[in-house]
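> I'd like to ask some things about the structure below.
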Amino acid sequence: MEVVWAAGQVGAVWVAAVLGLIVLPSALGISLGISEAYMWVLVKTLEWATIRLQKGAKKRQPQMPQTPTANGIIERDETPMEKEIALLHGADFEFSHIFYFCRKGFEAIVEDEVTQRFSSEELLSWNLLTRTNVNFHYISLRLTVVWVIGVIVRYCFLLPLRFTLAAIGITSMIVGTTAVGQLPNGSVKNYLSEVVHLTCSRILVRALSGTIHYHNKENRPRKGGICVANHTSPIDAIILTNDGCYAMVGQVHGGLMGVIQRATVKACPHVWFERSEIKDRHLVTKRLREHVADKSKLPILIFPEGTCINNTSVMMFKKGSFEIGGTIYPVAIKYDPQFGDAFWNSSKYNIVSYLLRIMTSWAIVCNVWYLPPMVRKEDEDAVQFANRVRSAIARQGGLTELPWDGGLKRAKVKDTFKEEQQKNYSKMLVRNGSVG
């Protein structure tokens, strides 16, 4: 009985400390400086570890793993293929020209520019996380000791703390939105709904040890608009709702996610679709247009890529979001991988494994840029408008812009796209009738 009583006392003190030092300040939108002090210590520690690694690399150069280059495994020439082919010696086609295409084919097999966007980006320096490189912590005894201390801190202190905060945040979201949902529609209900969403999002961000820098807040999405952003992680939505409320769009789920969806939709006009409905493109477009037409409703939050990309690139935006009409509010999100990898490789990790990796990282640090609102021009179709918005997000976030469909993460390349590339190759070869 004494052991149970002591455990209960420890649990009560733990919960009281979490509520008083983290949850309450988060709900009020203030900071006690704990997160800032933690980040300062973390930055200094990682700087020291980098210096130790550099010294160890000089002593053990043959055994030290090489630092990955920004271009990946292969050093590629950034000259466009059309220009390279035009520079090939001779005005007419020569048999030796096929070696150029052989080289391009081998490069694509070894490391193509698409599939590498679906795996975690490489770091230029180790961040004391085992998952980055298991060999680095053997460089020196002091580095090993610091790494072991880091493992203890992350799994024995940060993980229970973050789990507690996540449980409080999710429970508060369900209870709060359910209670607000009982009120009659009106300004009071909308105000309380926004308060609940903002408060719970701030708690969930603290559960990730999140440090988020918002830029150009004067461009924040407004009611009756559509917010589109690049997609790296499921926590993108939490990162954005920490600074403002949005109406979410997505498929109805079961389990805990389904409970949250059913609770939140009572208080906020989220747009959830059944599995059979989401395949009906016209129905989806109709419901979204009805939402946008009501200027009193929250802006819709959409991730047009349709899948998570690894924080280095922006891939093709689906045109559906840009056919609805209304004002588009682009948002660029860029995570700092030095403190933790926010990318979710859904083909490799399930959601539980992913959340465990996130909650045992050092922190989630990211920058969010609100770009000026954009509207579709008279001479633009939906695809051209989507590409223009994507380019603006890529430039602001320092991301590589790729024309490929993120659906290639799970699907094969369509035959029509292969044929289009074959036609492009033949045009480059034929150039001015030199072949045939």
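Letters for chains follow the order of the structure tokens (A, B, ...), residue numbers begin at 1 for each chain, and ligand numbers begin at 1 in the order shown.
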Find the nearest atom pair between each residue of segment 183-230 of chain A and segment 142-161 of chain A for residues within 10 Å, count only C-alpha atoms, give distances in Å to one decimal, sort rows by chain and ascending number, and present the table as a Markdown table.

| residue | atom | partner | partner_atom | distance |
| --- | --- | --- | --- | --- |
| A:Arg206 | CA | A:Leu161 | CA | 9.8 |
| A:Ala207 | CA | A:Leu161 | CA | 7.4 |
| A:Leu208 | CA | A:Leu158 | CA | 9.3 |
| A:Ser209 | CA | A:Leu158 | CA | 8.9 |
> Deliver the residues from the most recent selection as a file, using N, CA, C and O atoms, as a PDB file, in the first residue's frame.

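Output (out.pdb):
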ATOM      1  N   ARG A 206       3.764  22.143 -27.620  1.00  0.00           N
ATOM      2  CA  ARG A 206       4.669  21.960 -26.481  1.00  0.00           C
ATOM      3  C   ARG A 206       5.016  20.480 -26.295  1.00  0.00           C
ATOM      4  O   ARG A 206       6.102  20.146 -25.826  1.00  0.00           O
ATOM      5  N   ALA A 207       4.057  19.597 -26.643  1.00  0.00           N
ATOM      6  CA  ALA A 207       4.320  18.158 -26.546  1.00  0.00           C
ATOM      7  C   ALA A 207       5.405  17.716 -27.524  1.00  0.00           C
ATOM      8  O   ALA A 207       5.992  16.633 -27.362  1.00  0.00           O
ATOM      9  N   LEU A 208       5.673  18.534 -28.536  1.00  0.00           N
ATOM     10  CA  LEU A 208       6.731  18.232 -29.508  1.00  0.00           C
ATOM     11  C   LEU A 208       7.986  19.056 -29.247  1.00  0.00           C
ATOM     12  O   LEU A 208       8.929  18.998 -30.033  1.00  0.00           O
ATOM     13  N   SER A 209       7.995  19.801 -28.134  1.00  0.00           N
ATOM     14  CA  SER A 209       9.075  20.760 -27.872  1.00  0.00           C
ATOM     15  C   SER A 209       9.255  21.661 -29.090  1.00  0.00           C
ATOM     16  O   SER A 209      10.370  21.901 -29.556  1.00  0.00           O
TER      17      SER A 209
END
> Apply DSSP to the backbone of this structure and, from segment 156-362 of chain A, keep only the residues in strand (DSSP E); write these as a PyMOL selection string.
chain A and resi 210-215+226-229+247-251+271-273+300-302+313-314+328-335
> Those same residues, written as a short mmCIF file (atom, residue, chain, number, x, y, z; two decimals), in the first residue's frame with N, CA and C atoms?

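Saved to out_1.cif:
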data_model
loop_
_atom_site.label_atom_id
_atom_site.label_comp_id
_atom_site.auth_asym_id
_atom_site.auth_seq_id
_atom_site.Cartn_x
_atom_site.Cartn_y
_atom_site.Cartn_z
N GLY A 210 8.13 22.13 -29.60
CA GLY A 210 8.14 22.90 -30.83
C GLY A 210 8.61 24.33 -30.65
N THR A 211 9.50 24.75 -31.54
CA THR A 211 9.93 26.14 -31.64
C THR A 211 9.64 26.59 -33.06
N ILE A 212 8.62 27.44 -33.21
CA ILE A 212 8.14 27.80 -34.54
C ILE A 212 8.28 29.30 -34.74
N HIS A 213 8.83 29.67 -35.87
CA HIS A 213 9.02 31.09 -36.20
C HIS A 213 8.07 31.42 -37.36
N TYR A 214 7.11 32.31 -37.11
CA TYR A 214 6.14 32.72 -38.12
C TYR A 214 6.58 34.05 -38.72
N HIS A 215 6.59 34.10 -40.05
CA HIS A 215 7.03 35.30 -40.76
C HIS A 215 5.88 35.90 -41.57
N ILE A 226 -8.61 29.94 -49.10
CA ILE A 226 -8.04 28.59 -49.12
C ILE A 226 -6.55 28.70 -48.81
N CYS A 227 -6.10 28.04 -47.78
CA CYS A 227 -4.69 28.01 -47.42
C CYS A 227 -4.06 26.75 -47.98
N VAL A 228 -3.01 26.89 -48.80
CA VAL A 228 -2.31 25.73 -49.35
C VAL A 228 -0.85 25.79 -48.89
N ALA A 229 -0.31 24.63 -48.54
CA ALA A 229 1.05 24.57 -48.01
C ALA A 229 1.73 23.30 -48.48
N ALA A 247 -10.33 25.32 -41.21
CA ALA A 247 -11.25 24.22 -41.45
C ALA A 247 -10.48 23.14 -42.19
N MET A 248 -10.41 21.96 -41.60
CA MET A 248 -9.64 20.86 -42.20
C MET A 248 -10.47 20.14 -43.25
N VAL A 249 -9.78 19.56 -44.19
CA VAL A 249 -10.40 18.76 -45.24
C VAL A 249 -9.73 17.40 -45.24
N GLY A 250 -10.52 16.33 -45.23
CA GLY A 250 -9.91 15.01 -45.24
C GLY A 250 -10.94 13.90 -45.19
N GLN A 251 -10.42 12.69 -45.16
CA GLN A 251 -11.26 11.50 -45.15
C GLN A 251 -11.60 11.10 -43.72
N VAL A 271 -14.46 19.82 -43.06
CA VAL A 271 -15.08 19.12 -44.19
C VAL A 271 -14.52 17.71 -44.25
N TRP A 272 -15.26 16.75 -43.68
CA TRP A 272 -14.81 15.36 -43.67
C TRP A 272 -15.62 14.57 -44.69
N PHE A 273 -14.95 13.69 -45.44
CA PHE A 273 -15.60 12.89 -46.47
C PHE A 273 -15.51 11.41 -46.11
N ILE A 300 -10.05 27.21 -45.50
CA ILE A 300 -9.79 25.78 -45.66
C ILE A 300 -8.28 25.55 -45.73
N LEU A 301 -7.82 24.52 -45.05
CA LEU A 301 -6.41 24.14 -45.10
C LEU A 301 -6.25 22.90 -45.97
N ILE A 302 -5.46 23.02 -47.04
CA ILE A 302 -5.27 21.92 -47.99
C ILE A 302 -3.78 21.75 -48.26
N SER A 313 11.97 19.39 -50.90
CA SER A 313 11.38 19.66 -52.21
C SER A 313 9.89 19.94 -52.11
N VAL A 314 9.36 20.49 -53.20
CA VAL A 314 7.92 20.62 -53.39
C VAL A 314 7.59 19.93 -54.70
N ILE A 328 -6.33 32.26 -52.85
CA ILE A 328 -5.38 31.26 -52.35
C ILE A 328 -4.35 31.96 -51.47
N TYR A 329 -4.14 31.41 -50.27
CA TYR A 329 -3.13 31.94 -49.35
C TYR A 329 -2.00 30.90 -49.23
N PRO A 330 -0.90 31.10 -49.98
CA PRO A 330 0.20 30.12 -49.93
C PRO A 330 0.98 30.23 -48.61
N VAL A 331 1.43 29.09 -48.11
CA VAL A 331 2.24 29.02 -46.90
C VAL A 331 3.40 28.06 -47.14
N ALA A 332 4.60 28.49 -46.82
CA ALA A 332 5.80 27.65 -46.95
C ALA A 332 6.25 27.21 -45.56
N ILE A 333 6.48 25.90 -45.41
CA ILE A 333 6.92 25.33 -44.13
C ILE A 333 8.26 24.65 -44.35
N LYS A 334 9.24 25.02 -43.53
CA LYS A 334 10.57 24.44 -43.64
C LYS A 334 11.07 24.05 -42.25
N TYR A 335 11.31 22.75 -42.04
CA TYR A 335 11.78 22.26 -40.75
C TYR A 335 13.30 22.28 -40.69
#
> Residues within 9 Å of Phe317 of chain A, please, as a ChimeraX atom specification. Count only C-alpha atoms; anything in the same chain fewer than 3 positions from it doesn't count.
/A:230,303-306,314,320-321,383,386-387,389-390,403,405-406
> For N, CA, C and O atoms, I'd like the residues from the last selection saved as a short mmCIF file (atom, residue, chain, number, x, y, z; two decimals), in the first residue's frame.

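Generated file (selection_13.cif):
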data_model
loop_
_atom_site.label_atom_id
_atom_site.label_comp_id
_atom_site.auth_asym_id
_atom_site.auth_seq_id
_atom_site.Cartn_x
_atom_site.Cartn_y
_atom_site.Cartn_z
N ASN A 230 3.06 23.31 -48.51
CA ASN A 230 3.80 22.09 -48.79
C ASN A 230 3.64 21.14 -47.61
O ASN A 230 3.38 21.56 -46.48
N PHE A 303 -3.36 20.49 -48.37
CA PHE A 303 -1.98 20.16 -48.78
C PHE A 303 -2.06 19.53 -50.16
O PHE A 303 -2.31 18.32 -50.30
N PRO A 304 -1.86 20.32 -51.22
CA PRO A 304 -2.14 19.86 -52.59
C PRO A 304 -1.21 18.75 -53.09
O PRO A 304 -1.53 18.12 -54.11
N GLU A 305 -0.07 18.52 -52.43
CA GLU A 305 0.81 17.45 -52.89
C GLU A 305 0.18 16.08 -52.66
O GLU A 305 0.50 15.12 -53.36
N GLY A 306 -0.66 15.97 -51.65
CA GLY A 306 -1.37 14.72 -51.40
C GLY A 306 -0.58 13.68 -50.65
O GLY A 306 -1.11 12.62 -50.30
N VAL A 314 9.36 20.49 -53.20
CA VAL A 314 7.92 20.62 -53.39
C VAL A 314 7.59 19.93 -54.70
O VAL A 314 8.14 20.26 -55.74
N GLY A 320 -7.08 20.16 -58.26
CA GLY A 320 -8.43 20.28 -57.70
C GLY A 320 -8.60 21.44 -56.75
O GLY A 320 -9.64 22.11 -56.74
N SER A 321 -7.59 21.72 -55.94
CA SER A 321 -7.67 22.81 -54.96
C SER A 321 -7.74 24.16 -55.63
O SER A 321 -8.20 25.14 -55.01
N VAL A 383 -4.07 24.17 -63.73
CA VAL A 383 -2.72 23.60 -63.64
C VAL A 383 -1.67 24.70 -63.59
O VAL A 383 -0.73 24.66 -62.79
N ALA A 386 -1.78 26.38 -60.24
CA ALA A 386 -1.17 25.52 -59.22
C ALA A 386 0.35 25.58 -59.30
O ALA A 386 1.04 25.65 -58.26
N ASN A 387 0.89 25.58 -60.51
CA ASN A 387 2.35 25.64 -60.69
C ASN A 387 2.91 26.99 -60.21
O ASN A 387 4.00 27.05 -59.65
N VAL A 389 1.65 28.92 -57.83
CA VAL A 389 1.62 28.92 -56.36
C VAL A 389 2.74 28.03 -55.81
O VAL A 389 3.43 28.39 -54.85
N ARG A 390 2.94 26.87 -56.44
CA ARG A 390 4.01 25.96 -56.00
C ARG A 390 5.37 26.62 -56.12
O ARG A 390 6.22 26.49 -55.22
N PRO A 403 8.47 18.67 -60.89
CA PRO A 403 7.18 18.55 -61.58
C PRO A 403 6.50 17.20 -61.38
O PRO A 403 5.43 16.96 -61.91
N ASP A 405 4.61 13.84 -59.77
CA ASP A 405 3.45 13.59 -58.93
C ASP A 405 3.88 12.83 -57.68
O ASP A 405 4.56 11.81 -57.76
N GLY A 406 3.48 13.35 -56.51
CA GLY A 406 3.82 12.67 -55.27
C GLY A 406 3.21 11.29 -55.16
O GLY A 406 3.64 10.47 -54.33
#
> Just the number, please: distance in Å from atom CA of Met173 of chain A to atom CA of Leu204 of chain A, one decimal.
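Atom CA of Leu204 of chain A lies 10.0 Å from atom CA of Met173 of chain A.
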> Residues at most 10 Å from Ala293 of chain A, counting only C-alpha atoms, excluding those fewer than 4 positions away in the same chain, as a ChimeraX atom specification?
/A:223-225,287-289,297,324-326
> In Å, with one decimal, what is the gap from atom CA of Arg281 of chain A to atom CA of Phe322 of chain A?
13.1 Å
> Distance atom CA of Ile260 of chain A-atom CA of Ile34 of chain A, one decimal place?
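About the pair atom CA of Ile260 of chain A and atom CA of Ile34 of chain A: they are 29.6 Å apart.
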> Would you mind telling me which residue in A:Lys217, A:Lys266, A:His231, A:His253 lies nearest to Asn185 of chain A when using only C-alpha atoms?
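Among the listed residues, A:Lys266 lies closest to Asn185 of chain A.
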> Go through segment 178-243 of chain A and collect every residue that DSSP, computed from the backbone, puts in helix (DSSP H, G or I); the answer should be as number ranges by chain.
A: 178-181, 187-207, 217-219, 236-241
> List as number ranges by chain the protein and nucleic acid residues near Ile358 of chain A, meaning an atom at most 12 Å away when only C-alpha atoms are counted, but skip any in the same chain fewer than 4 places from it.
A: 129, 131, 154-155, 158-159, 162-163, 205, 207-210, 233-235, 337, 339-344, 349, 351-354, 362-365
> Write the selection just made, keeping C-alpha atoms, as a compact mmCIF listing (two decimals), in the first residue's frame?

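In the end it all went to result-v8.txt:
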# COMPACT_ATOMS: atom_id res chain seq x y z
CA LEU A 129 20.49 10.80 -32.45
CA ARG A 131 19.00 6.87 -35.97
CA ARG A 154 15.09 11.68 -24.36
CA TYR A 155 13.55 8.35 -23.35
CA LEU A 158 11.25 13.94 -22.56
CA LEU A 159 9.17 10.97 -23.79
CA ARG A 162 5.60 14.73 -24.14
CA PHE A 163 3.23 11.79 -23.83
CA VAL A 205 3.13 21.96 -29.97
CA ALA A 207 4.32 18.16 -26.55
CA LEU A 208 6.73 18.23 -29.51
CA SER A 209 9.07 20.76 -27.87
CA GLY A 210 8.14 22.90 -30.83
CA SER A 233 4.42 15.66 -41.85
CA PRO A 234 1.02 15.05 -40.24
CA ILE A 235 2.04 17.65 -37.65
CA PRO A 337 16.47 18.71 -39.44
CA PHE A 339 16.97 18.95 -34.04
CA GLY A 340 14.67 16.23 -35.36
CA ASP A 341 13.39 14.70 -38.58
CA ALA A 342 9.76 15.75 -39.05
CA PHE A 343 9.30 13.86 -42.33
CA TRP A 344 6.88 10.92 -42.22
CA TYR A 349 6.79 3.63 -40.64
CA ILE A 351 1.83 6.37 -37.43
CA VAL A 352 2.72 4.92 -33.99
CA SER A 353 6.37 4.37 -34.94
CA TYR A 354 6.51 7.82 -36.48
CA TRP A 362 15.39 16.72 -29.46
CA ALA A 363 12.78 19.16 -30.68
CA ILE A 364 10.73 20.26 -33.68
CA VAL A 365 12.05 23.56 -35.03
